[in-house]
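These notes concern the structure reproduced below.
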2 protein chains.
Amino acid sequence: MASEKQPRADAVRNRAAIVDAARAVFDAGEFFDLRFDDFAGRAGVGTGTLYRHFPTREALAAAVYENEIATLAARAGELRDTLPAGEALDIFVRDMVDHMRSHEGLARTLAAMMTAGSSDVRAASSEPLERAVAELVTAAAREGSIRSDVRPGAVMMALHSLGAAYDRPDWRAETDEFITVMLNGLRAR
Amino acid sequence: MASEKQPRADAVRNRAAIVDAARAVFDAGEFFDLRFDDFAGRAGVGTGTLYRHFPTREALAAAVYENEIATLAARAGELRDTLPAGEALDIFVRDMVDHMRSHEGLARTLAAMMTAGSSDVRAASSEPLERAVAELVTAAAREGSIRSDVRPGAVMMALHSLGAAYDRPDWRAETDEFITVMLNGLRAR
DNA sequence: CTAAAATATGGAGATCATCTCCACTTGTCA
DNA sequence: TGACAAGTGGAGATGATCTCCATATTTTAG
């Protein structure tokens, strides 16, 4: 149907430079302090270029988010291919928590942007992770290591909450307990 | 220490009018489409008045949020006084879900504002609910109907996620399953 | 290799939301 | 009822967002 056009080489480079700069800003937790135009300066491009590639703040956030999601989804696939499903699910969830812990600013900022943003964008951007988790959950249920009357989306919801609740003073400890409760709940018959 | 001054009657009326107008806007899901100044028009006051009462969007959102939290916390107290703790917790969680279902736009908008806003504001505004849930959880643990190695905050985190994940296409069904998983996990030994 | 066409760039300046300021109105208190 | 305090509204300053297009770069065709 749609014939995809090759973008020009410099366009590709600029786009990447902007996303890289944005990732750094996110990680430092300065996303909301900066004028949107400043992202152009940071990436060494003009504001026109910034706006052409990312018409809104949200669009830029979505691009960073998609990278992050891809990393997580890849990790899920890897685990699925090398471990029994029940174990893979367990480890994936805990890895995800660790990942968030080591990129605090990023996790918090993306959670905020994604909560505020439009459903459609969020749904589209999260799709690969959604898919990967669904596979893990379905496999674990088939294998019999978790109950089978829970749809994968319920697990995604739980994971979602990790990001949303990120700034709770005792996040670290509460997360561990929350995860334990959830995994126990999944195993309960 | 601090001697509280009575505000003038018209100031009280105006403040209430603004919060009322804001609640309606929230409920309709139009919060992000409106210029902040428009809230003044909707409430029938000037922009100066709006800004005096609520210096930022976030401050206005927090005021609406606090109302909502008070309602929920009151409900929790009521349940605690009339039912065994384990049952009270169970019913409270399910009531909260129902409450969110019947105020979709409100729940979604508040979740977004609160995620984006500062930790301090959020922490202060949520405190009454936090307290009420902590009481329910602690009582249920003491009573022996749920495990006692889970701090109340872990449960709050789970509740938080309900708001955060609000726009998932299948929210209703997933929420029920998620809640079931969590409550089972809490009872698992 | 070169020229023309296609694509992309940067940043000056138009546009628009946010927020301040103060002359005026309303409420309160004696 | 007068006088002082408290509160109001909205015009306009401020500063961020976004558009537009003359110029520059890359690609394609000859």
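Identifiers for the structure tokens are assigned positionally: chains receive A, B, ... in sequence, residues are indexed from 1 per chain, and ligands are indexed from 1 in the order shown.
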
For the contact check between chain C and chain B, emit one row per residue of chain C within 8 Å, containing the shortest atom pair and the distance in Å rounded to one decimal, counting only C-alpha atoms (C1' of nucleotides), chain then rising number order, as a Markdown table.
```
| residue | atom | partner | partner_atom | distance |
| --- | --- | --- | --- | --- |
| C:DA17 | C1' | B:Arg35 | CA | 6.6 |
| C:DT18 | C1' | B:Phe36 | CA | 7.8 |
| C:DC19 | C1' | B:Tyr51 | CA | 7.8 |
| C:DG27 | C1' | B:Arg8 | CA | 6.9 |
```

With C-alpha atoms (C1' of nucleotides) retained, export the selected residues as an mmCIF file, in the first residue's frame.
```cif
data_model
loop_
_atom_site.group_PDB
_atom_site.id
_atom_site.type_symbol
_atom_site.label_atom_id
_atom_site.label_comp_id
_atom_site.auth_asym_id
_atom_site.auth_seq_id
_atom_site.Cartn_x
_atom_site.Cartn_y
_atom_site.Cartn_z
ATOM 1 C "C1'" DA C 17 -0.730 31.298 26.499
ATOM 2 C "C1'" DT C 18 0.886 32.693 31.013
ATOM 3 C "C1'" DC C 19 1.178 35.762 34.627
ATOM 4 C "C1'" DG C 27 -16.814 43.324 52.599
#
```

message: Neighbouring residues of Thr49 of chain A were defined as those with any atom within 9 Å, considering only C-alpha atoms (C1' of nucleotides); residues of the same chain fewer than 6 positions away were excluded. Please report them as a list in words.
response: Ala11, Asn14, Arg15 and Ala40 of chain A; DA8, DT9 and DG10 of chain C

task: Could you please select, counting only C-alpha atoms (C1' of nucleotides), the residues of chain D within 9 Å of chain A and state them as a VMD selection string?
output: chain D and resid 16 to 19 25 to 27

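Any residue of chain B with an atom no more than 7 Å from chain A counts as a contact; using only C-alpha atoms, that gives B:Ala112, B:Thr115, B:Ala116, B:Ser119, B:Val150, B:Gly153, B:Ala154, B:Met157, B:Ala158, B:His160, B:Ser161, B:Ala164, B:Ala165, B:Asp167, B:Glu174, B:Thr175, B:Glu177, B:Phe178, B:Val181, B:Met182, B:Asn184, B:Gly185, B:Leu186, B:Ala188.
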
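Using only C-alpha atoms (C1' of nucleotides), the smallest distance between any of D:DA29, D:DA5, D:DA13, D:DA24 and DT7 of chain C comes from D:DA24.
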
message: Can you pull out the residues contacting Glu143 of chain B? Cut-off 8 Å, using only C-alpha atoms (C1' of nucleotides), and skip same-chain residues under 4 positions away; I want them as a PyMOL selection string.
response: chain B and resi 85-86+139

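One distance worth recording is that between atom CA of Leu136 of chain B and atom CA of Val64 of chain B, which is 24.4 Å.
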